[in-house]
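Listing of query12.tsv, TSV, C-alpha atoms and all ligand atoms
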chain	number	residue	atom	x	y	z
A	109	MET	CA	25.33	23.62	-17.55
A	110	GLU	CA	23.48	25.90	-19.96
A	111	ARG	CA	20.44	27.58	-18.47
A	112	PRO	CA	17.86	28.61	-21.03
A	113	LEU	CA	15.38	29.55	-18.29
A	114	ALA	CA	15.91	30.95	-14.78
A	115	TYR	CA	14.10	28.85	-12.21
A	116	ASP	CA	11.75	31.67	-11.27
A	117	LYS	CA	10.73	32.40	-14.86
A	118	LEU	CA	8.41	29.49	-15.52
A	119	ALA	CA	5.98	30.38	-18.31
A	120	ARG	CA	2.39	30.64	-17.15
A	121	GLU	CA	-0.90	32.00	-18.40
A	122	ASP	CA	-2.06	35.16	-16.62
A	123	ARG	CA	-4.66	33.24	-14.60
A	124	PHE	CA	-1.91	31.63	-12.45
A	125	VAL	CA	-0.84	33.54	-9.32
A	126	ARG	CA	2.80	33.11	-8.23
A	127	MET	CA	3.81	33.69	-4.61
A	128	ARG	CA	6.71	32.80	-2.28
A	129	GLY	CA	5.96	29.73	-0.16
A	130	ARG	CA	6.94	31.56	3.00
A	131	ARG	CA	4.59	34.46	2.20
A	132	VAL	CA	1.68	32.05	1.63
A	133	ALA	CA	2.29	30.42	5.01
A	134	GLU	CA	2.53	33.82	6.78
A	135	LEU	CA	-0.72	35.06	5.23
A	136	LYS	CA	-2.56	31.90	6.22
A	137	VAL	CA	-1.34	31.97	9.80
A	138	ALA	CA	-2.31	35.68	10.01
A	139	GLN	CA	-5.85	34.69	8.93
A	140	GLY	CA	-6.04	31.89	11.48
A	141	LEU	CA	-5.88	29.18	8.81
A	142	PRO	CA	-3.68	26.07	8.98
A	143	PRO	CA	-0.53	26.63	6.83
A	144	PHE	CA	-1.27	23.40	4.94
A	145	PRO	CA	-4.78	22.24	3.85
A	146	ASP	CA	-5.98	19.70	6.42
A	147	LEU	CA	-8.54	17.98	4.11
A	148	ALA	CA	-11.27	18.37	6.71
A	149	SER	CA	-13.63	20.16	4.29
A	150	ARG	CA	-14.41	20.18	0.58
A	151	GLU	CA	-12.82	23.65	0.39
A	152	SER	CA	-9.63	22.28	1.92
A	153	ILE	CA	-9.62	19.31	-0.48
A	154	LYS	CA	-10.00	21.74	-3.38
A	155	GLU	CA	-7.02	23.74	-2.14
A	156	ARG	CA	-4.93	20.54	-1.91
A	157	VAL	CA	-6.00	19.55	-5.44
A	158	HIS	CA	-4.96	23.00	-6.72
A	159	GLY	CA	-1.57	22.57	-5.02
A	160	ILE	CA	-1.16	19.16	-6.66
A	161	LEU	CA	-2.14	20.59	-10.05
A	162	VAL	CA	0.68	23.17	-9.99
A	163	GLY	CA	2.99	20.45	-8.61
A	164	GLU	CA	2.19	18.27	-11.63
A	165	LEU	CA	2.91	21.20	-13.95
A	166	GLN	CA	6.29	21.70	-12.29
A	167	ALA	CA	6.97	17.94	-12.39
A	168	MET	CA	6.33	18.01	-16.14
A	169	GLU	CA	8.66	20.98	-16.54
A	170	GLY	CA	11.29	19.39	-14.31
A	171	ALA	CA	11.31	16.12	-16.27
A	172	GLY	CA	11.46	18.13	-19.50
A	173	ARG	CA	14.42	19.98	-18.13
A	174	SER	CA	16.13	16.66	-17.35
A	175	VAL	CA	15.68	15.61	-20.99
A	176	TYR	CA	17.60	18.72	-22.00
A	177	ASP	CA	20.15	19.22	-19.21
A	178	PHE	CA	22.08	15.94	-19.44
A	179	PRO	CA	23.09	15.31	-23.07
A	180	ASP	CA	25.83	12.91	-21.94
A	181	ALA	CA	23.52	10.67	-19.91
A	182	PRO	CA	22.63	7.23	-21.37
A	183	TRP	CA	19.99	7.40	-24.10
A	184	GLU	CA	17.60	5.27	-21.99
A	185	PHE	CA	17.78	7.89	-19.24
A	186	THR	CA	16.64	10.61	-21.64
A	187	LEU	CA	13.88	8.32	-22.92
A	188	ASP	CA	12.62	7.66	-19.37
A	189	MET	CA	12.59	11.38	-18.62
A	190	ALA	CA	10.69	12.08	-21.87
A	191	ARG	CA	8.19	9.39	-20.95
A	192	GLN	CA	7.76	11.06	-17.60
A	193	VAL	CA	7.00	14.42	-19.27
A	194	TRP	CA	4.15	12.66	-21.07
A	195	ASP	CA	2.87	11.07	-17.83
A	196	GLU	CA	3.00	14.36	-15.94
A	197	SER	CA	1.17	16.18	-18.72
A	198	ARG	CA	-1.66	13.65	-18.37
A	199	HIS	CA	-1.65	14.25	-14.62
A	200	VAL	CA	-2.03	17.98	-15.26
A	201	GLU	CA	-5.10	17.20	-17.41
A	202	VAL	CA	-6.53	14.93	-14.71
A	203	TYR	CA	-6.08	17.51	-11.96
A	204	LEU	CA	-7.51	20.33	-14.12
A	205	ARG	CA	-10.68	18.24	-14.47
A	206	LEU	CA	-10.70	17.35	-10.78
A	207	LEU	CA	-10.43	21.03	-9.89
A	208	GLU	CA	-13.51	21.69	-12.05
A	209	HIS	CA	-15.23	18.71	-10.43
A	210	LEU	CA	-14.67	20.41	-7.05
A	211	ASP	CA	-16.01	23.73	-8.42
A	212	GLY	CA	-12.56	25.33	-8.33
A	213	TYR	CA	-10.58	27.22	-10.97
A	214	VAL	CA	-6.94	27.81	-11.87
A	215	GLY	CA	-5.52	30.75	-9.90
A	216	GLU	CA	-7.99	30.37	-7.04
A	217	PHE	CA	-4.95	29.65	-4.82
A	218	PRO	CA	-1.35	30.82	-5.29
A	219	GLU	CA	1.41	28.77	-6.91
A	220	THR	CA	4.77	28.49	-5.16
A	221	THR	CA	7.95	27.19	-6.81
A	222	ILE	CA	9.30	25.12	-3.92
A	223	LEU	CA	8.97	21.88	-5.92
A	224	TRP	CA	10.52	23.31	-9.06
A	225	ARG	CA	13.55	24.59	-7.18
A	226	CYS	CA	14.20	21.02	-6.01
A	227	ALA	CA	14.16	19.95	-9.67
A	228	CYS	CA	17.15	22.16	-10.46
A	229	ALA	CA	19.97	20.00	-8.99
A	230	GLU	CA	23.03	20.11	-11.23
A	231	ASP	CA	23.85	16.40	-11.08
A	232	ALA	CA	21.55	13.92	-12.83
A	233	ALA	CA	21.86	11.37	-9.99
A	234	ALA	CA	20.98	14.00	-7.37
A	235	ARG	CA	18.07	15.14	-9.48
A	236	VAL	CA	16.48	11.69	-9.82
A	237	ALA	CA	17.11	11.01	-6.12
A	238	GLY	CA	15.57	14.33	-5.06
A	239	VAL	CA	12.72	14.51	-7.54
A	240	ASN	CA	11.79	10.90	-8.33
A	241	ARG	CA	12.44	9.47	-4.88
A	242	GLY	CA	11.99	12.51	-2.59
A	243	LEU	CA	9.20	14.51	-4.23
A	244	GLU	CA	7.41	11.63	-5.93
A	245	GLY	CA	7.62	9.65	-2.69
A	246	LEU	CA	5.81	12.62	-1.16
A	247	ALA	CA	3.28	12.42	-4.03
A	248	CYS	CA	2.63	8.76	-3.06
A	249	ASP	CA	1.88	9.88	0.51
A	250	VAL	CA	-0.40	12.72	-0.54
A	251	PHE	CA	-2.28	10.75	-3.23
A	252	ASN	CA	-2.79	7.70	-1.05
A	253	GLN	CA	-4.33	9.92	1.61
A	254	LEU	CA	-6.56	11.71	-0.89
A	255	ILE	CA	-7.87	8.33	-2.09
A	256	HIS	CA	-8.78	7.42	1.52
A	257	ILE	CA	-10.56	10.73	2.09
A	258	ALA	CA	-12.41	10.54	-1.26
A	259	ARG	CA	-13.64	7.05	-0.35
A	260	LYS	CA	-14.77	8.28	3.05
A	261	ILE	CA	-16.77	11.23	1.67
A	262	GLY	CA	-18.20	9.07	-1.15
A	263	ASP	CA	-16.57	10.77	-4.16
A	264	PRO	CA	-15.70	7.94	-6.60
A	265	ILE	CA	-14.52	10.38	-9.32
A	266	LEU	CA	-11.85	11.83	-7.03
A	267	GLU	CA	-11.00	8.39	-5.63
A	268	HIS	CA	-10.45	6.66	-8.98
A	269	ALA	CA	-8.77	9.57	-10.76
A	270	VAL	CA	-6.17	9.96	-8.01
A	271	ASP	CA	-5.65	6.18	-7.83
A	272	TYR	CA	-4.86	6.20	-11.55
A	273	VAL	CA	-2.28	8.96	-11.10
A	274	LEU	CA	-0.77	7.21	-8.05
A	275	ALA	CA	-0.07	4.13	-10.20
A	276	ASP	CA	2.10	6.33	-12.45
A	277	GLU	CA	3.91	7.98	-9.54
A	278	ILE	CA	4.89	4.56	-8.21
A	279	THR	CA	6.60	3.86	-11.56
A	280	HIS	CA	8.36	7.24	-11.38
A	281	VAL	CA	9.82	6.42	-7.96
A	282	ARG	CA	11.01	3.08	-9.32
A	283	MET	CA	12.56	4.87	-12.29
A	284	GLY	CA	14.38	7.18	-9.87
A	285	SER	CA	15.77	4.23	-7.89
A	286	LYS	CA	16.94	2.55	-11.10
A	287	TRP	CA	18.79	5.64	-12.38
A	288	LEU	CA	20.21	6.51	-8.97
A	289	ASP	CA	21.82	3.02	-8.98
A	290	ARG	CA	22.99	3.08	-12.60
A	291	LEU	CA	24.35	6.62	-12.70
A	292	THR	CA	26.35	6.16	-9.49
A	293	GLU	CA	27.65	2.66	-10.23
A	294	GLY	CA	31.27	2.50	-9.07
A	295	ASP	CA	31.09	6.03	-7.61
A	296	PRO	CA	30.01	5.78	-3.95
A	297	GLU	CA	30.82	9.46	-3.35
A	298	ARG	CA	28.40	10.60	-6.05
A	299	ARG	CA	25.77	8.24	-4.64
A	300	ARG	CA	26.27	9.58	-1.13
A	301	ARG	CA	25.82	13.19	-2.31
A	302	ALA	CA	22.68	12.28	-4.28
A	303	ILE	CA	21.11	10.52	-1.28
A	304	GLU	CA	22.04	13.42	0.95
A	305	PHE	CA	20.23	15.74	-1.44
A	306	GLN	CA	17.16	13.48	-1.32
A	307	GLU	CA	17.27	13.54	2.48
A	308	THR	CA	17.27	17.35	2.55
A	309	ILE	CA	14.10	17.22	0.44
A	310	ASP	CA	12.49	14.55	2.64
A	311	GLU	CA	13.30	16.67	5.67
A	312	ARG	CA	11.90	19.83	4.13
A	313	PHE	CA	8.62	18.12	3.23
A	314	ASN	CA	8.15	16.59	6.62
A	315	LEU	CA	6.91	20.16	7.24
A	316	GLY	CA	7.79	20.24	10.90
A	317	GLY	CA	6.02	16.97	11.66
A	318	ILE	CA	2.95	17.66	9.47
A	319	ARG	CA	3.82	14.52	7.49
A	320	ARG	CA	3.82	11.53	9.80
A	321	GLU	CA	2.90	7.93	10.29
A	322	GLY	CA	-0.72	7.21	11.13
A	323	ASP	CA	-4.38	7.13	10.13
A	324	PRO	CA	-4.80	9.04	6.82
A	325	GLU	CA	-7.99	10.57	8.20
A	326	ALA	CA	-6.35	11.82	11.38
A	327	VAL	CA	-2.99	13.35	10.33
A	328	PRO	CA	-2.41	16.21	7.82
A	329	ILE	CA	-0.11	14.13	5.55
A	330	SER	CA	0.21	10.41	6.26
A	331	ILE	CA	3.17	8.31	5.16
A	332	ALA	CA	1.90	5.75	2.62
A	333	THR	CA	3.95	2.75	3.76
A	334	GLU	CA	2.21	0.29	1.42
A	335	ALA	CA	2.45	2.49	-1.71
A	336	ARG	CA	6.08	3.26	-0.81
A	337	ARG	CA	6.84	-0.45	-0.58
A	338	LEU	CA	5.27	-0.94	-4.02
A	339	ALA	CA	7.44	1.90	-5.29
A	340	GLY	CA	10.55	0.05	-4.15
A	341	PHE	CA	11.48	1.91	-0.96
A	342	THR	CA	13.05	-0.54	1.48
A	343	ASP	CA	11.57	-1.07	4.97
A	344	GLU	CA	14.72	0.54	6.34
A	345	GLU	CA	14.17	3.68	4.25
A	346	ILE	CA	10.51	3.90	5.32
A	347	ASP	CA	11.49	3.47	8.99
A	348	ARG	CA	14.13	6.18	8.65
A	349	LEU	CA	11.56	8.56	7.14
A	350	ILE	CA	9.08	7.87	9.94
A	351	LYS	CA	11.77	8.49	12.57
A	352	ALA	CA	12.89	11.70	10.79
A	353	THR	CA	9.33	13.08	10.90
A	354	GLN	CA	9.37	12.77	14.66
A	355	ARG	CA	12.26	15.20	15.04
A	356	SER	CA	11.58	17.77	12.30
A	357	PRO	CA	11.74	21.42	13.34
A	358	VAL	CA	8.48	23.41	13.16
A	359	TYR	CA	7.77	24.71	9.63
B	1	FE	FE	2.62	13.33	-11.51
B	2	FE	FE	5.53	11.80	-11.32
Kindly present the structure from the file in structure tokens form.
Ligand SMILES: [Fe+2]
Ligand SMILES: [Fe+2]
Amino acid sequence: MERPLAYDKLAREDRFVRMRGRRVAELKVAQGLPPFPDLASRESIKERVHGILVGELQAMEGAGRSVYDFPDAPWEFTLDMARQVWDESRHVEVYLRLLEHLDGYVGEFPETTILWRCACAEDAAARVAGVNRGLEGLACDVFNQLIHIARKIGDPILEHAVDYVLADEITHVRMGSKWLDRLTEGDPERRRRAIEFQETIDERFNLGGIRREGDPEAVPISIATEARRLAGFTDEEIDRLIKATQRSPVY
């Protein structure tokens, strides 16, 4: 596969601050802060929104990369990925405005490339499983929770904007399920490897039990069972994810 860009060379304006995920977590723990924003304050919500903003940027870049990386994939696959670039670019716009709405600015918090690195799988089936089902499944969890919190604190702008983006993410998960099936038709080994890759991503983003089942106002990241059902995850898959969160190692 040709690589026009190394994964750690994403183009950014100077106002963005890049840092290793591990370093960010260490610095926070050293300052007595939770390693992941707990959404208990407006400041914490702003930090989460900043994290989502850079995630949307990387999702846009990842889908763009999938347009380019798989010239032999069916034309409809490339079209779906191009459509996703367009969706993600709108999400970037939405989250830029939400960050302003919360009195934040780009670069106020560091950007890590954990999400982008997941978008660099070499096989198209593994990539849609990992990104569209793993990472965008995580987006469903995070957005659903943010909608709950926004409703609770009486912020209809945040509530409705995130709800609008969630509707798109649900279609992206569905798109991932469709292409996982089509690309691995008649090749159970390829399918197994792709699902395994997705499971490593699910495991990583369980964040040592930070993501779990429960009240969105009481746990740091709650599993959005209803949104996940809408996105086409089976009850068995949702159950497996819930069980996996109960035995994740500490982040
Ligand atoms: Fe998105
Ligand atoms: Fe998406």
Discussion item. Report, in Å with one decimal, the straight-line distance from CA of Val281 (chain A) to CA of Asp231 (chain A).
Written reply: 17.5 Å
Please identify the residues whose atoms come within 6 Å of ligand FE 1 (chain B), using all atoms listed in the file, and report them as a tab-separated table (two decimals) with C-alpha atoms, keeping the file's coordinate frame.
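Result file follows (part-v7.tsv):
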chain	number	residue	atom	x	y	z
A	164	GLU	CA	2.19	18.27	-11.63
A	196	GLU	CA	3.00	14.36	-15.94
A	199	HIS	CA	-1.65	14.25	-14.62
A	277	GLU	CA	3.91	7.98	-9.54
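A straight line drawn from CA of Cys228 (chain A) to CA of Ser174 (chain A) is 8.9 Å long.
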Please give me, as a short mmCIF file (atom, residue, chain, number, x, y, z; two decimals) with C-alpha atoms, in the frame of the given file, the residues lying within 9 Å of ligand FE 2 (chain B) when counting only C-alpha atoms and all ligand atoms.
data_model
loop_
_atom_site.label_atom_id
_atom_site.label_comp_id
_atom_site.auth_asym_id
_atom_site.auth_seq_id
_atom_site.Cartn_x
_atom_site.Cartn_y
_atom_site.Cartn_z
CA GLU A 164 2.19 18.27 -11.63
CA ALA A 167 6.97 17.94 -12.39
CA MET A 168 6.33 18.01 -16.14
CA ALA A 171 11.31 16.12 -16.27
CA GLN A 192 7.76 11.06 -17.60
CA VAL A 193 7.00 14.42 -19.27
CA ASP A 195 2.87 11.07 -17.83
CA GLU A 196 3.00 14.36 -15.94
CA HIS A 199 -1.65 14.25 -14.62
CA VAL A 239 12.72 14.51 -7.54
CA ASN A 240 11.79 10.90 -8.33
CA LEU A 243 9.20 14.51 -4.23
CA GLU A 244 7.41 11.63 -5.93
CA ALA A 247 3.28 12.42 -4.03
CA VAL A 273 -2.28 8.96 -11.10
CA LEU A 274 -0.77 7.21 -8.05
CA ASP A 276 2.10 6.33 -12.45
CA GLU A 277 3.91 7.98 -9.54
CA ILE A 278 4.89 4.56 -8.21
CA THR A 279 6.60 3.86 -11.56
CA HIS A 280 8.36 7.24 -11.38
CA VAL A 281 9.82 6.42 -7.96
#
Fill in: Contacts of Asp310 (chain A) at 10 Å (only C-alpha atoms; same-chain gap of 2+ positions) as a list in words
Gly238, Arg241, Gly242, Leu243, Gly245, Leu246, Glu304, Phe305, Gln306, Glu307, Thr308, Arg312, Phe313, Asn314, Leu315, Arg319, Leu349, Ala352 and Thr353 of chain A
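CA of Gln166 (chain A) lies 22.7 Å from CA of Asp211 (chain A).
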Worksheet item: What's the 10 Å shell around Val132 (chain A), counting only C-alpha atoms, without same-chain residues fewer than 2 positions away, as a PyMOL selection string?
Response: chain A and resi 126-130+134-138+143-144+217-220
Item to complete: Pick out the closest residue to Gly340 (chain A) from this set: A:Ala237, A:Val202, A:Met283, A:Ile255. Count all atoms listed in the file.
Response: A:Met283
Worksheet item: Val175 (chain A): which residues within 12 Å, counting all atoms listed in the file, same-chain residues fewer than 2 positions away excluded, as a PyMOL selection string?
Response: chain A and resi 168-173+177-194+232+235-236
Worksheet entry | Top pick for closest residue to Arg299 (chain A), considering A:Ile318, A:Val250, A:Ala234, A:Ser149 and counting all atoms listed in the file | A:Ala234
How would region 180-216 of chain A read, as a compact mmCIF listing (two decimals), in the coordinates of the input, once N, CA and C atoms are built in?
# COMPACT_ATOMS: atom_id res chain seq x y z
N ASP A 180 24.88 14.03 -21.99
CA ASP A 180 25.83 12.91 -21.94
C ASP A 180 25.30 11.70 -21.19
N ALA A 181 24.10 11.81 -20.64
CA ALA A 181 23.52 10.67 -19.91
C ALA A 181 23.15 9.58 -20.91
N PRO A 182 23.02 8.31 -20.44
CA PRO A 182 22.63 7.23 -21.37
C PRO A 182 21.31 7.57 -22.07
N TRP A 183 21.18 7.11 -23.29
CA TRP A 183 19.99 7.40 -24.10
C TRP A 183 18.72 6.94 -23.38
N GLU A 184 18.79 5.79 -22.68
CA GLU A 184 17.60 5.27 -21.99
C GLU A 184 17.15 6.20 -20.86
N PHE A 185 18.13 6.93 -20.29
CA PHE A 185 17.78 7.89 -19.24
C PHE A 185 16.91 9.01 -19.84
N THR A 186 17.38 9.53 -20.97
CA THR A 186 16.64 10.61 -21.64
C THR A 186 15.25 10.13 -22.04
N LEU A 187 15.17 8.88 -22.52
CA LEU A 187 13.88 8.32 -22.92
C LEU A 187 12.94 8.22 -21.72
N ASP A 188 13.46 7.75 -20.59
CA ASP A 188 12.62 7.66 -19.37
C ASP A 188 12.12 9.04 -18.94
N MET A 189 12.99 10.03 -19.01
CA MET A 189 12.59 11.38 -18.62
C MET A 189 11.52 11.93 -19.58
N ALA A 190 11.69 11.62 -20.88
CA ALA A 190 10.69 12.08 -21.87
C ALA A 190 9.35 11.40 -21.61
N ARG A 191 9.42 10.13 -21.26
CA ARG A 191 8.19 9.39 -20.95
C ARG A 191 7.50 10.02 -19.73
N GLN A 192 8.33 10.45 -18.80
CA GLN A 192 7.76 11.06 -17.60
C GLN A 192 7.08 12.41 -17.91
N VAL A 193 7.64 13.17 -18.86
CA VAL A 193 7.00 14.42 -19.27
C VAL A 193 5.58 14.11 -19.74
N TRP A 194 5.46 13.06 -20.52
CA TRP A 194 4.15 12.66 -21.07
C TRP A 194 3.21 12.25 -19.93
N ASP A 195 3.70 11.46 -18.98
CA ASP A 195 2.87 11.07 -17.83
C ASP A 195 2.40 12.30 -17.06
N GLU A 196 3.35 13.19 -16.76
CA GLU A 196 3.00 14.36 -15.94
C GLU A 196 2.01 15.26 -16.67
N SER A 197 2.11 15.33 -17.99
CA SER A 197 1.17 16.18 -18.72
C SER A 197 -0.24 15.60 -18.61
N ARG A 198 -0.34 14.27 -18.59
CA ARG A 198 -1.66 13.65 -18.37
C ARG A 198 -2.16 13.94 -16.96
N HIS A 199 -1.24 13.95 -16.00
CA HIS A 199 -1.65 14.25 -14.62
C HIS A 199 -2.19 15.68 -14.51
N VAL A 200 -1.54 16.60 -15.25
CA VAL A 200 -2.03 17.98 -15.26
C VAL A 200 -3.47 18.00 -15.76
N GLU A 201 -3.73 17.26 -16.85
CA GLU A 201 -5.10 17.20 -17.41
C GLU A 201 -6.07 16.64 -16.37
N VAL A 202 -5.66 15.56 -15.71
CA VAL A 202 -6.53 14.93 -14.71
C VAL A 202 -6.87 15.92 -13.59
N TYR A 203 -5.83 16.60 -13.09
CA TYR A 203 -6.08 17.51 -11.96
C TYR A 203 -6.84 18.78 -12.38
N LEU A 204 -6.69 19.20 -13.64
CA LEU A 204 -7.51 20.33 -14.12
C LEU A 204 -8.98 19.94 -14.05
N ARG A 205 -9.27 18.71 -14.49
CA ARG A 205 -10.68 18.24 -14.47
C ARG A 205 -11.17 18.04 -13.03
N LEU A 206 -10.28 17.55 -12.17
CA LEU A 206 -10.70 17.35 -10.78
C LEU A 206 -10.99 18.70 -10.10
N LEU A 207 -10.20 19.69 -10.46
CA LEU A 207 -10.43 21.03 -9.89
C LEU A 207 -11.82 21.53 -10.31
N GLU A 208 -12.16 21.32 -11.58
CA GLU A 208 -13.51 21.69 -12.05
C GLU A 208 -14.57 20.89 -11.31
N HIS A 209 -14.30 19.60 -11.14
CA HIS A 209 -15.23 18.71 -10.43
C HIS A 209 -15.51 19.22 -9.01
N LEU A 210 -14.51 19.88 -8.41
CA LEU A 210 -14.67 20.41 -7.05
C LEU A 210 -15.12 21.88 -7.07
N ASP A 211 -15.56 22.34 -8.25
CA ASP A 211 -16.01 23.73 -8.42
C ASP A 211 -14.89 24.75 -8.15
N GLY A 212 -13.67 24.39 -8.49
CA GLY A 212 -12.56 25.33 -8.33
C GLY A 212 -12.09 25.82 -9.70
N TYR A 213 -11.13 26.72 -9.69
CA TYR A 213 -10.58 27.22 -10.97
C TYR A 213 -9.09 27.53 -10.78
N VAL A 214 -8.38 27.53 -11.89
CA VAL A 214 -6.94 27.81 -11.87
C VAL A 214 -6.71 29.24 -11.39
N GLY A 215 -5.82 29.41 -10.43
CA GLY A 215 -5.52 30.75 -9.90
C GLY A 215 -6.32 31.07 -8.65
N GLU A 216 -7.19 30.14 -8.26
CA GLU A 216 -7.99 30.37 -7.04
C GLU A 216 -7.06 30.40 -5.81
